[in-house]
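Novice: So here's run09.cif, just mmCIF, C-alpha atoms and all ligand atoms:
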```
data_input
loop_
_atom_site.group_PDB
_atom_site.id
_atom_site.type_symbol
_atom_site.label_atom_id
_atom_site.label_comp_id
_atom_site.auth_asym_id
_atom_site.auth_seq_id
_atom_site.Cartn_x
_atom_site.Cartn_y
_atom_site.Cartn_z
ATOM 1 C CA MET A 97 0.000 0.000 0.000
ATOM 2 C CA LYS A 98 1.163 3.506 -0.766
ATOM 3 C CA TYR A 99 2.424 5.678 2.086
ATOM 4 C CA GLN A 100 -0.419 7.556 3.772
ATOM 5 C CA HIS A 101 0.493 10.457 6.005
ATOM 6 C CA ILE A 102 -2.747 10.214 8.018
ATOM 7 C CA TYR A 103 -1.045 7.470 10.091
ATOM 8 C CA HIS A 104 1.776 9.851 11.031
ATOM 9 C CA ALA A 105 0.217 13.338 11.025
ATOM 10 C CA GLY A 106 1.035 15.190 14.226
ATOM 11 C CA ASN A 107 3.770 12.802 15.352
ATOM 12 C CA PHE A 108 6.995 14.116 16.907
ATOM 13 C CA ALA A 109 8.601 14.327 13.473
ATOM 14 C CA ASP A 110 5.786 16.506 12.103
ATOM 15 C CA VAL A 111 6.066 18.739 15.173
ATOM 16 C CA ALA A 112 9.823 19.224 14.691
ATOM 17 C CA LYS A 113 9.513 19.764 10.936
ATOM 18 C CA HIS A 114 6.668 22.259 11.207
ATOM 19 C CA VAL A 115 8.370 24.284 13.963
ATOM 20 C CA ALA A 116 11.330 24.779 11.588
ATOM 21 C CA LEU A 117 9.101 25.438 8.572
ATOM 22 C CA LEU A 118 7.238 28.218 10.405
ATOM 23 C CA TYR A 119 10.506 29.810 11.552
ATOM 24 C CA CYS A 120 11.742 29.953 7.952
ATOM 25 C CA LEU A 121 8.425 31.338 6.651
ATOM 26 C CA ASP A 122 8.422 34.033 9.323
ATOM 27 C CA ALA A 123 12.028 34.934 8.504
ATOM 28 C CA LEU A 124 11.087 35.449 4.848
ATOM 29 C CA LYS A 125 8.351 37.825 5.994
ATOM 30 C CA ARG A 126 10.883 40.117 7.691
ATOM 31 C CA LYS A 127 11.202 41.733 4.236
ATOM 32 C CA ASP A 128 8.309 43.214 2.245
ATOM 33 C CA ALA A 129 9.329 41.600 -1.037
ATOM 34 C CA GLY A 130 7.172 38.611 -1.955
ATOM 35 C CA PHE A 131 8.486 35.044 -1.731
ATOM 36 C CA PHE A 132 7.789 31.658 -3.314
ATOM 37 C CA ALA A 133 7.222 28.463 -1.314
ATOM 38 C CA LEU A 134 7.399 25.066 -3.018
ATOM 39 C CA ASP A 135 6.160 22.019 -1.097
ATOM 40 C CA THR A 136 7.299 19.063 -3.224
ATOM 41 C CA HIS A 137 5.592 16.295 -1.215
ATOM 42 C CA ALA A 138 2.631 18.154 0.181
ATOM 43 C CA GLY A 139 0.144 15.597 1.454
ATOM 44 C CA ARG A 140 -3.145 17.230 2.397
ATOM 45 C CA GLY A 141 -4.037 20.377 4.269
ATOM 46 C CA LEU A 142 -5.829 18.951 7.305
ATOM 47 C CA TYR A 143 -5.712 15.547 8.974
ATOM 48 C CA ARG A 144 -8.635 14.395 11.123
ATOM 49 C CA LEU A 145 -7.085 13.010 14.264
ATOM 50 C CA GLN A 146 -10.159 10.907 15.072
ATOM 51 C CA ALA A 147 -9.803 9.050 11.754
ATOM 52 C CA PRO A 148 -9.300 5.292 12.286
ATOM 53 C CA GLU A 149 -5.810 5.423 10.748
ATOM 54 C CA ALA A 150 -4.638 8.153 13.142
ATOM 55 C CA GLN A 151 -6.234 6.388 16.101
ATOM 56 C CA LYS A 152 -4.690 3.076 15.122
ATOM 57 C CA SER A 153 -1.128 4.360 15.001
ATOM 58 C CA GLY A 154 -1.483 6.580 18.092
ATOM 59 C CA GLU A 155 1.345 8.745 16.748
ATOM 60 C CA ALA A 156 -0.476 12.079 17.118
ATOM 61 C CA GLU A 157 -1.519 11.023 20.612
ATOM 62 C CA ARG A 158 2.130 10.508 21.624
ATOM 63 C CA GLY A 159 3.174 13.565 19.608
ATOM 64 C CA VAL A 160 1.249 16.773 19.183
ATOM 65 C CA GLN A 161 -1.585 15.917 21.595
ATOM 66 C CA ARG A 162 0.908 15.182 24.382
ATOM 67 C CA LEU A 163 2.789 18.407 23.631
ATOM 68 C CA VAL A 164 -0.396 20.485 23.618
ATOM 69 C CA GLN A 165 -1.698 18.999 26.849
ATOM 70 C CA SER A 166 1.638 19.213 28.657
ATOM 71 C CA GLY A 167 1.025 22.944 29.098
ATOM 72 C CA VAL A 168 4.574 23.627 27.865
ATOM 73 C CA GLU A 169 5.411 27.316 28.308
ATOM 74 C CA GLU A 170 8.493 27.569 26.077
ATOM 75 C CA PRO A 171 8.203 30.867 24.126
ATOM 76 C CA ALA A 172 9.962 29.303 21.116
ATOM 77 C CA LEU A 173 6.941 27.005 20.670
ATOM 78 C CA ALA A 174 4.260 29.692 20.980
ATOM 79 C CA ARG A 175 4.165 30.481 17.247
ATOM 80 C CA TYR A 176 3.798 26.790 16.386
ATOM 81 C CA LEU A 177 1.053 26.178 18.947
ATOM 82 C CA THR A 178 -0.907 29.147 17.624
ATOM 83 C CA ALA A 179 -0.448 28.045 14.003
ATOM 84 C CA ILE A 180 -1.821 24.548 14.700
ATOM 85 C CA GLY A 181 -4.796 25.972 16.618
ATOM 86 C CA ALA A 182 -3.585 24.889 20.062
ATOM 87 C CA ALA A 183 -2.954 28.253 21.694
ATOM 88 C CA HIS A 184 -5.481 27.329 24.430
ATOM 89 C CA ARG A 185 -3.902 23.928 25.029
ATOM 90 C CA THR A 186 -7.049 21.990 24.153
ATOM 91 C CA ARG A 187 -6.886 18.663 22.347
ATOM 92 C CA LEU A 188 -6.830 19.013 18.593
ATOM 93 C CA ALA A 189 -9.537 17.597 16.340
ATOM 94 C CA HIS A 190 -7.445 18.251 13.231
ATOM 95 C CA TYR A 191 -3.742 18.598 12.533
ATOM 96 C CA PRO A 192 -2.620 20.983 9.768
ATOM 97 C CA GLY A 193 -0.229 19.613 7.163
ATOM 98 C CA SER A 194 2.462 21.704 5.529
ATOM 99 C CA PRO A 195 0.150 23.128 2.803
ATOM 100 C CA ALA A 196 -2.176 24.504 5.482
ATOM 101 C CA LEU A 197 0.703 26.014 7.460
ATOM 102 C CA ILE A 198 2.286 27.562 4.367
ATOM 103 C CA GLY A 199 -1.068 28.788 3.036
ATOM 104 C CA ALA A 200 -1.895 30.518 6.309
ATOM 105 C CA ALA A 201 1.512 32.224 6.398
ATOM 106 C CA LEU A 202 1.270 33.817 2.939
ATOM 107 C CA ARG A 203 0.831 37.554 2.445
ATOM 108 C CA PRO A 204 -0.832 38.948 -0.714
ATOM 109 C CA GLN A 205 2.579 39.337 -2.392
ATOM 110 C CA ASP A 206 3.670 35.725 -1.680
ATOM 111 C CA ARG A 207 3.007 32.589 -3.742
ATOM 112 C CA ALA A 208 3.015 28.846 -3.076
ATOM 113 C CA LEU A 209 2.932 25.634 -5.098
ATOM 114 C CA PHE A 210 1.934 22.316 -3.512
ATOM 115 C CA VAL A 211 2.850 19.126 -5.369
ATOM 116 C CA GLU A 212 1.459 15.739 -4.392
ATOM 117 C CA LEU A 213 1.528 12.390 -6.214
ATOM 118 C CA LEU A 214 -1.715 10.904 -4.848
ATOM 119 C CA PRO A 215 -4.692 12.543 -6.592
ATOM 120 C CA ALA A 216 -7.019 12.231 -3.573
ATOM 121 C CA GLU A 217 -4.469 13.877 -1.279
ATOM 122 C CA ALA A 218 -3.739 16.614 -3.815
ATOM 123 C CA ARG A 219 -7.432 17.321 -4.298
ATOM 124 C CA ALA A 220 -7.894 17.565 -0.523
ATOM 125 C CA ALA A 221 -4.961 19.999 -0.308
ATOM 126 C CA GLU A 222 -6.508 22.043 -3.111
ATOM 127 C CA ARG A 223 -9.957 22.126 -1.465
ATOM 128 C CA GLU A 224 -8.513 23.063 1.897
ATOM 129 C CA ALA A 225 -6.309 25.797 0.402
ATOM 130 C CA ALA A 226 -9.191 27.413 -1.501
ATOM 131 C CA GLY A 227 -9.318 31.095 -0.650
ATOM 132 C CA VAL A 228 -5.911 31.408 1.023
ATOM 133 C CA GLY A 229 -4.291 33.556 -1.623
ATOM 134 C CA ARG A 230 -1.847 32.850 -4.420
ATOM 135 C CA VAL A 231 -1.678 29.089 -4.071
ATOM 136 C CA ARG A 232 -1.674 26.335 -6.691
ATOM 137 C CA THR A 233 -1.786 22.546 -6.255
ATOM 138 C CA GLU A 234 -0.364 20.121 -8.814
ATOM 139 C CA ILE A 235 -0.854 16.351 -8.998
ATOM 140 C CA GLY A 236 2.514 14.912 -9.902
ATOM 141 C CA ASP A 237 6.106 14.198 -8.986
ATOM 142 C CA GLY A 238 7.677 16.627 -6.547
ATOM 143 C CA PHE A 239 11.175 16.050 -7.899
ATOM 144 C CA ALA A 240 10.025 16.979 -11.409
ATOM 145 C CA ALA A 241 8.546 20.156 -9.891
ATOM 146 C CA LEU A 242 11.979 21.130 -8.577
ATOM 147 C CA ARG A 243 13.275 21.001 -12.129
ATOM 148 C CA ALA A 244 10.270 22.834 -13.567
ATOM 149 C CA HIS A 245 9.837 25.698 -11.109
ATOM 150 C CA LEU A 246 13.284 26.737 -9.871
ATOM 151 C CA PRO A 247 14.566 29.355 -9.701
ATOM 152 C CA PRO A 248 11.346 31.270 -9.036
ATOM 153 C CA ILE A 249 10.725 34.744 -10.410
ATOM 154 C CA GLU A 250 10.643 36.146 -6.863
ATOM 155 C CA HIS A 251 14.283 35.038 -6.316
ATOM 156 C CA ARG A 252 13.515 34.475 -2.642
ATOM 157 C CA GLY A 253 11.677 31.761 -0.817
ATOM 158 C CA LEU A 254 11.850 28.194 0.391
ATOM 159 C CA VAL A 255 11.463 24.606 -0.705
ATOM 160 C CA LEU A 256 10.229 21.819 1.565
ATOM 161 C CA ILE A 257 11.332 18.356 0.382
ATOM 162 C CA ASP A 258 9.501 15.811 2.516
ATOM 163 C CA PRO A 259 9.339 12.433 0.756
ATOM 164 C CA PRO A 260 8.044 9.235 2.371
ATOM 165 C CA TYR A 261 11.320 7.271 1.840
ATOM 166 C CA GLU A 262 9.317 4.223 0.774
ATOM 167 C CA ASN A 263 11.935 3.032 -1.694
ATOM 168 C CA VAL A 264 15.157 1.467 -0.540
ATOM 169 C CA ASP A 265 17.329 4.371 -1.569
ATOM 170 C CA GLU A 266 15.011 7.321 -1.966
ATOM 171 C CA MET A 267 17.794 9.286 -0.265
ATOM 172 C CA LYS A 268 19.861 8.863 -3.428
ATOM 173 C CA THR A 269 17.108 10.576 -5.447
ATOM 174 C CA VAL A 270 16.770 13.295 -2.813
ATOM 175 C CA LEU A 271 20.501 14.061 -2.896
ATOM 176 C CA ARG A 272 20.676 14.113 -6.692
ATOM 177 C CA GLU A 273 17.568 16.264 -7.145
ATOM 178 C CA PHE A 274 18.454 18.632 -4.297
ATOM 179 C CA ALA A 275 21.988 19.140 -5.658
ATOM 180 C CA ASP A 276 20.537 19.950 -9.064
ATOM 181 C CA ALA A 277 17.931 22.328 -7.598
ATOM 182 C CA HIS A 278 20.594 24.062 -5.516
ATOM 183 C CA ARG A 279 22.752 24.604 -8.627
ATOM 184 C CA ARG A 280 19.832 26.430 -10.215
ATOM 185 C CA TRP A 281 18.820 28.332 -7.055
ATOM 186 C CA PRO A 282 21.789 28.598 -4.686
ATOM 187 C CA SER A 283 20.186 31.286 -2.525
ATOM 188 C CA GLY A 284 16.897 29.473 -1.799
ATOM 189 C CA ILE A 285 16.134 28.089 1.640
ATOM 190 C CA PHE A 286 15.779 24.300 1.381
ATOM 191 C CA LEU A 287 14.339 22.148 4.167
ATOM 192 C CA ILE A 288 14.957 18.461 3.540
ATOM 193 C CA TRP A 289 13.420 15.948 5.914
ATOM 194 C CA TYR A 290 14.981 12.554 6.712
ATOM 195 C CA PRO A 291 14.186 9.724 9.121
ATOM 196 C CA ILE A 292 16.633 8.639 11.826
ATOM 197 C CA LEU A 293 16.670 4.868 12.279
ATOM 198 C CA SER A 294 20.052 4.253 13.895
ATOM 199 C CA ALA A 295 23.325 5.986 14.728
ATOM 200 C CA VAL A 296 25.014 4.435 11.714
ATOM 201 C CA GLN A 297 22.252 5.482 9.323
ATOM 202 C CA ARG A 298 22.221 9.039 10.738
ATOM 203 C CA ARG A 299 25.986 9.360 10.279
ATOM 204 C CA SER A 300 25.596 8.136 6.732
ATOM 205 C CA VAL A 301 22.888 10.736 5.956
ATOM 206 C CA HIS A 302 25.092 13.512 7.326
ATOM 207 C CA ALA A 303 28.117 12.256 5.387
ATOM 208 C CA ARG A 304 26.174 12.063 2.132
ATOM 209 C CA PHE A 305 24.955 15.676 2.446
ATOM 210 C CA ASP A 306 28.437 16.801 3.474
ATOM 211 C CA ALA A 307 29.869 15.162 0.351
ATOM 212 C CA LEU A 308 27.740 17.446 -1.863
ATOM 213 C CA ARG A 309 30.097 20.299 -0.842
ATOM 214 C CA ILE A 310 27.235 22.763 -0.535
ATOM 215 C CA PRO A 311 27.835 25.556 2.007
ATOM 216 C CA LYS A 312 25.533 26.808 4.770
ATOM 217 C CA ILE A 313 23.820 23.572 5.772
ATOM 218 C CA LEU A 314 22.370 23.294 9.270
ATOM 219 C CA SER A 315 21.361 19.846 10.484
ATOM 220 C CA ALA A 316 18.605 19.755 13.084
ATOM 221 C CA ASP A 317 18.026 16.301 14.579
ATOM 222 C CA LEU A 318 15.543 15.273 17.254
ATOM 223 C CA ALA A 319 15.321 11.687 18.507
ATOM 224 C CA ILE A 320 12.858 10.504 21.128
ATOM 225 C CA HIS A 321 13.970 6.886 21.280
ATOM 226 C CA ALA A 322 17.334 5.237 21.664
ATOM 227 C CA ASP A 323 19.102 4.392 18.420
ATOM 228 C CA GLU A 324 18.287 0.967 17.017
ATOM 229 C CA THR A 325 14.818 1.162 18.590
ATOM 230 C CA THR A 326 12.113 -1.329 17.691
ATOM 231 C CA LEU A 327 9.465 1.357 18.310
ATOM 232 C CA GLY A 328 9.469 2.804 14.769
ATOM 233 C CA LEU A 329 11.579 5.851 14.037
ATOM 234 C CA ALA A 330 14.211 6.733 16.623
ATOM 235 C CA GLY A 331 14.037 10.315 15.426
ATOM 236 C CA SER A 332 13.953 12.629 12.467
ATOM 237 C CA GLY A 333 16.048 15.402 11.076
ATOM 238 C CA LEU A 334 16.072 18.320 8.702
ATOM 239 C CA MET A 335 18.866 19.629 6.570
ATOM 240 C CA ILE A 336 18.238 23.366 6.378
ATOM 241 C CA VAL A 337 20.212 24.974 3.592
ATOM 242 C CA ASN A 338 20.723 28.746 3.816
ATOM 243 C CA PRO A 339 19.039 28.823 7.237
ATOM 244 C CA PRO A 340 17.683 32.233 8.203
ATOM 245 C CA TYR A 341 19.520 34.258 10.827
ATOM 246 C CA GLY A 342 18.923 32.930 14.340
ATOM 247 C CA ALA A 343 17.689 29.482 13.251
ATOM 248 C CA ASP A 344 20.455 27.589 15.089
ATOM 249 C CA GLU A 345 19.656 28.972 18.553
ATOM 250 C CA TYR A 346 15.909 29.008 17.980
ATOM 251 C CA LEU A 347 15.694 25.372 16.876
ATOM 252 C CA LEU A 348 17.956 24.175 19.661
ATOM 253 C CA THR A 349 15.696 25.810 22.257
ATOM 254 C CA ALA A 350 12.476 24.639 20.607
ATOM 255 C CA TYR A 351 13.690 21.073 20.037
ATOM 256 C CA GLU A 352 14.950 20.724 23.615
ATOM 257 C CA ALA A 353 11.499 21.735 24.866
ATOM 258 C CA ILE A 354 9.833 19.224 22.509
ATOM 259 C CA HIS A 355 12.243 16.529 23.666
ATOM 260 C CA ARG A 356 11.458 17.191 27.346
ATOM 261 C CA CYS A 357 7.725 16.774 26.620
ATOM 262 C CA LEU A 358 7.777 13.884 24.185
ATOM 263 C CA SER A 359 10.544 11.781 25.712
ATOM 264 C CA PRO A 360 9.723 11.749 29.420
ATOM 265 C CA SER A 361 12.336 9.028 30.031
ATOM 266 C CA GLY A 362 14.974 11.247 28.411
ATOM 267 C CA ALA A 363 15.736 8.701 25.671
ATOM 268 C CA GLY A 364 17.042 10.136 22.429
ATOM 269 C CA TYR A 365 18.734 13.502 21.940
ATOM 270 C CA VAL A 366 18.685 16.899 20.244
ATOM 271 C CA GLU A 367 21.520 17.945 18.004
ATOM 272 C CA VAL A 368 21.430 21.208 16.055
ATOM 273 C CA ALA A 369 24.756 21.844 14.369
ATOM 274 C CA ARG A 370 26.370 23.264 11.263
ATOM 275 C CA LEU A 371 27.154 20.473 8.819
ATOM 276 C CA THR A 372 28.964 22.719 6.342
ATOM 277 C CA PRO A 373 30.599 26.163 6.693
ATOM 278 C CA GLU A 374 29.542 29.527 5.237
ATOM 279 C CA ARG A 375 31.967 28.973 2.345
ATOM 280 C CA MET A 376 33.473 25.790 1.028
ATOM 281 C CA ALA A 377 37.276 25.695 0.746
ATOM 282 C CA GLN A 378 38.461 25.480 -2.894
HETATM 283 C C1 LIG B 401 5.608 12.782 4.577
HETATM 284 S S1 LIG B 401 4.217 13.019 3.601
HETATM 285 C C2 LIG B 401 4.103 14.765 3.427
HETATM 286 C C3 LIG B 401 3.765 15.535 4.668
HETATM 287 C C4 LIG B 401 3.653 17.019 4.476
HETATM 288 N N1 LIG B 401 4.801 17.575 3.754
HETATM 289 C C5 LIG B 401 3.521 17.725 5.807
HETATM 290 O O1 LIG B 401 4.545 18.173 6.362
HETATM 291 O O2 LIG B 401 2.391 17.857 6.284
HETATM 292 C C6 LIG B 401 4.801 12.566 2.011
HETATM 293 C C7 LIG B 401 3.795 12.754 0.883
HETATM 294 O O3 LIG B 401 4.479 12.596 -0.360
HETATM 295 C C8 LIG B 401 3.591 11.993 -1.290
HETATM 296 N N2 LIG B 401 4.452 11.478 -2.379
HETATM 297 C C9 LIG B 401 5.070 10.279 -2.498
HETATM 298 N N3 LIG B 401 5.871 10.280 -3.600
HETATM 299 C C10 LIG B 401 5.755 11.503 -4.178
HETATM 300 C C11 LIG B 401 6.351 12.134 -5.300
HETATM 301 N N4 LIG B 401 7.241 11.492 -6.090
HETATM 302 N N5 LIG B 401 6.015 13.410 -5.589
HETATM 303 C C12 LIG B 401 5.112 14.084 -4.812
HETATM 304 N N6 LIG B 401 4.525 13.553 -3.719
HETATM 305 C C13 LIG B 401 4.842 12.276 -3.407
HETATM 306 C C14 LIG B 401 2.850 10.981 -0.461
HETATM 307 O O4 LIG B 401 1.631 10.629 -1.076
HETATM 308 C C15 LIG B 401 2.654 11.754 0.862
HETATM 309 O O5 LIG B 401 1.437 12.446 0.847
#
```
Please lay out the structure from this file as structure tokens.

Specialist:
Amino acid sequence: MKYQHIYHAGNFADVAKHVALLYCLDALKRKDAGFFALDTHAGRGLYRLQAPEAQKSGEAERGVQRLVQSGVEEPALARYLTAIGAAHRTRLAHYPGSPALIGAALRPQDRALFVELLPAEARAAEREAAGVGRVRTEIGDGFAALRAHLPPIEHRGLVLIDPPYENVDEMKTVLREFADAHRRWPSGIFLIWYPILSAVQRRSVHARFDALRIPKILSADLAIHADETTLGLAGSGLMIVNPPYGADEYLLTAYEAIHRCLSPSGAGYVEVARLTPERMAQ
């Protein structure tokens, strides 16, 4: 069966990813000039957390619902909690996917494109984004969209690359397509999500990005289980390329607060660190 994000919506990995996504969107809004946001693997706009799939996995329950109900007071999470509709710390009926978060962040001068392979998911994203401004949804391959739409006419903006990693080496495709996209748009902010399954696999992901010799990459990893866990993902990470000013400190603070809430035993770790320098040596 094809990957379906409804099983995972609102899990710890979504929380970490969306906290970073919102920080980058807000940073782009520090300037008046419009920006472009491309979500290559968009999923839908809203996930119903009472749906049987979400209930069966229990991932939102152990993720966003636990965070919301913990009463966490960390200021670095306030923007995220407001954006997901949890400012009053009440249980969520729905969890917003990346298209909903991006759509809600757009100003009249900004533009977004959501790309999703599954027609039903894409149509849901389109329905849910109706009326939120300059937004378009395409049914298709997100990697092809990178080739077709970059660089954007706005010359500023971000790309979220969030594939399901269903195929054995989808990471190989991600690295190849990201490197190509970065050649065409070196100043864009790229957020690339990856799963963390074990210490060895995490080191390998870092090494493979490092080998691209692309400057200004921040890796932001959050694990809530010990490496080599049998409980699903140990953690998840983002490579943030051209991270906005202040992202390092902000994400470290936010991720440590998430870790305290979602890993009561203290298993796992937070690591936010520069993978590559501001400039690559010749
Ligand atoms: C992890 S989910 C996306 C979650 C979403 N970005 C969010 O943060 O709310 C991955 C999505 O990619 C879709 N997908 C799988 N292969 C794809 C491809 N080649 N191009 C575009 N979308 C794809 C899946 O159907 C799924 O909805």

Novice: Return as a list in words every polymer residue, whether protein, DNA or RNA, with at least one atom no more than 6 Å from an atom of ligand LIG 401 (chain B); count only C-alpha atoms and all ligand atoms.

Specialist: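 These are the residues that qualify: Tyr99, Gln100, His101, Thr136, His137, Ala138, Gly139, Gly193, Ser194, Val211, Glu212, Leu213, Leu214, Gly236, Asp237, Gly238, Asp258, Pro259 and Pro260 of chain A.
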
Novice: Find the distance between CA of Asp323 in chain A and CA of Val368 in chain A and write it in Å to one decimal.

Specialist: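 Going from CA of Asp323 in chain A over to CA of Val368 in chain A covers 17.1 Å.
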
Novice: Name the residues that the PyMOL selection byres (((chain A and resi 373) around 8) and not hetatm) picks from the file above, as a PyMOL selection string, using the file's chain letters and numbers.

Specialist: chain A and resi 311-313+370-372+374-376

Novice: List the residues matched by the PyMOL selection byres (((chain A and resi 147) around 12) and not hetatm) in the displayed structure as a list in words, ordered by chain and then by residue number.

Specialist: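 Checking the PyMOL selection byres (((chain A and resi 147) around 12) and not hetatm) against this file, the residues are His101, Ile102, Tyr103, His104, Ala105, Leu142, Tyr143, Arg144, Leu145, Gln146, Pro148, Glu149, Ala150, Gln151, Lys152, Ser153, Gly154, Ala156, Ala189, His190 and Tyr191 of chain A.
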
Novice: For the point (22.7, 23.7, 20.9) in the file's frame, write as a ChimeraX atom specification all residues with an atom no more than 12 Å away, counting all atoms listed in the file.

Specialist: /A:314-318,342-352,365-370

Novice: Please identify all polymer residues within 6 Å of Ile285 in chain A, counting only C-alpha atoms, omitting same-chain residues fewer than 2 positions from it, and present them as JSON, numbers by chain.

Specialist: {"A": [254, 337, 338]}

Novice: Counting all atoms listed in the file, give me one row per residue of range 102-127 of chain A with an atom at most 9 Å from an atom of range 197-210 of chain A, showing the shortest contact pair and its distance in Å to one decimal, sorted by chain then residue number, as a Markdown table.

Specialist:
```
| residue | atom | partner | partner_atom | distance |
| --- | --- | --- | --- | --- |
| A:His114 | CA | A:Leu197 | CA | 8.0 |
| A:Leu117 | CA | A:Ile198 | CA | 8.3 |
| A:Leu118 | CA | A:Leu197 | CA | 7.5 |
| A:Leu121 | CA | A:Ala201 | CA | 7.0 |
| A:Asp122 | CA | A:Ala201 | CA | 7.7 |
| A:Lys125 | CA | A:Arg203 | CA | 8.3 |
```

Novice: Taking every listed atom of range 104-116 of chain A and adding 4 Å to each side, what centre and edge lengths in Å (one decimal) does the axis-aligned box have, as AutoDock Vina command-line options?

Specialist:
```
--center_x 5.8 --center_y 17.3 --center_z 13.9 --size_x 19.1 --size_y 22.9 --size_z 14.0
```

Novice: Where does the PyMOL selection byres (((chain A and resi 180-188) around 9) and not hetatm) land in this file, that is, which residues does it pick, as a PDB file with C-alpha atoms, in the coordinates of the input?

Specialist:
```pdb
ATOM      1  CA  ARG A 144      -8.635  14.395  11.123  1.00  0.00           C
ATOM      2  CA  LEU A 145      -7.085  13.010  14.264  1.00  0.00           C
ATOM      3  CA  VAL A 160       1.249  16.773  19.183  1.00  0.00           C
ATOM      4  CA  GLN A 161      -1.585  15.917  21.595  1.00  0.00           C
ATOM      5  CA  ARG A 162       0.908  15.182  24.382  1.00  0.00           C
ATOM      6  CA  LEU A 163       2.789  18.407  23.631  1.00  0.00           C
ATOM      7  CA  VAL A 164      -0.396  20.485  23.618  1.00  0.00           C
ATOM      8  CA  GLN A 165      -1.698  18.999  26.849  1.00  0.00           C
ATOM      9  CA  SER A 166       1.638  19.213  28.657  1.00  0.00           C
ATOM     10  CA  GLY A 167       1.025  22.944  29.098  1.00  0.00           C
ATOM     11  CA  VAL A 168       4.574  23.627  27.865  1.00  0.00           C
ATOM     12  CA  ALA A 174       4.260  29.692  20.980  1.00  0.00           C
ATOM     13  CA  ARG A 175       4.165  30.481  17.247  1.00  0.00           C
ATOM     14  CA  TYR A 176       3.798  26.790  16.386  1.00  0.00           C
ATOM     15  CA  LEU A 177       1.053  26.178  18.947  1.00  0.00           C
ATOM     16  CA  THR A 178      -0.907  29.147  17.624  1.00  0.00           C
ATOM     17  CA  ALA A 179      -0.448  28.045  14.003  1.00  0.00           C
ATOM     18  CA  ALA A 189      -9.537  17.597  16.340  1.00  0.00           C
ATOM     19  CA  HIS A 190      -7.445  18.251  13.231  1.00  0.00           C
ATOM     20  CA  TYR A 191      -3.742  18.598  12.533  1.00  0.00           C
ATOM     21  CA  PRO A 192      -2.620  20.983   9.768  1.00  0.00           C
ATOM     22  CA  LEU A 197       0.703  26.014   7.460  1.00  0.00           C
TER      23      LEU A 197
END
```

Novice: Which value, in Å to one decimal, gives the distance between CA of Ala196 in chain A and CA of Val111 in chain A?

Specialist: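 For CA of Ala196 in chain A relative to CA of Val111 in chain A, the distance reads 14.0 Å.
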
Novice: So how far away is CA of Ala220 in chain A from CA of Arg140 in chain A, in Å?

Specialist: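 These atoms are spaced 5.6 Å apart.
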
Novice: Would you please work out which residue, of A:His321, A:Tyr341, A:Ala295, A:Leu256, is nearest to Ala277 in chain A when using only C-alpha atoms?

Specialist: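 Smallest separation from Ala277 in chain A among the options: A:Leu256.
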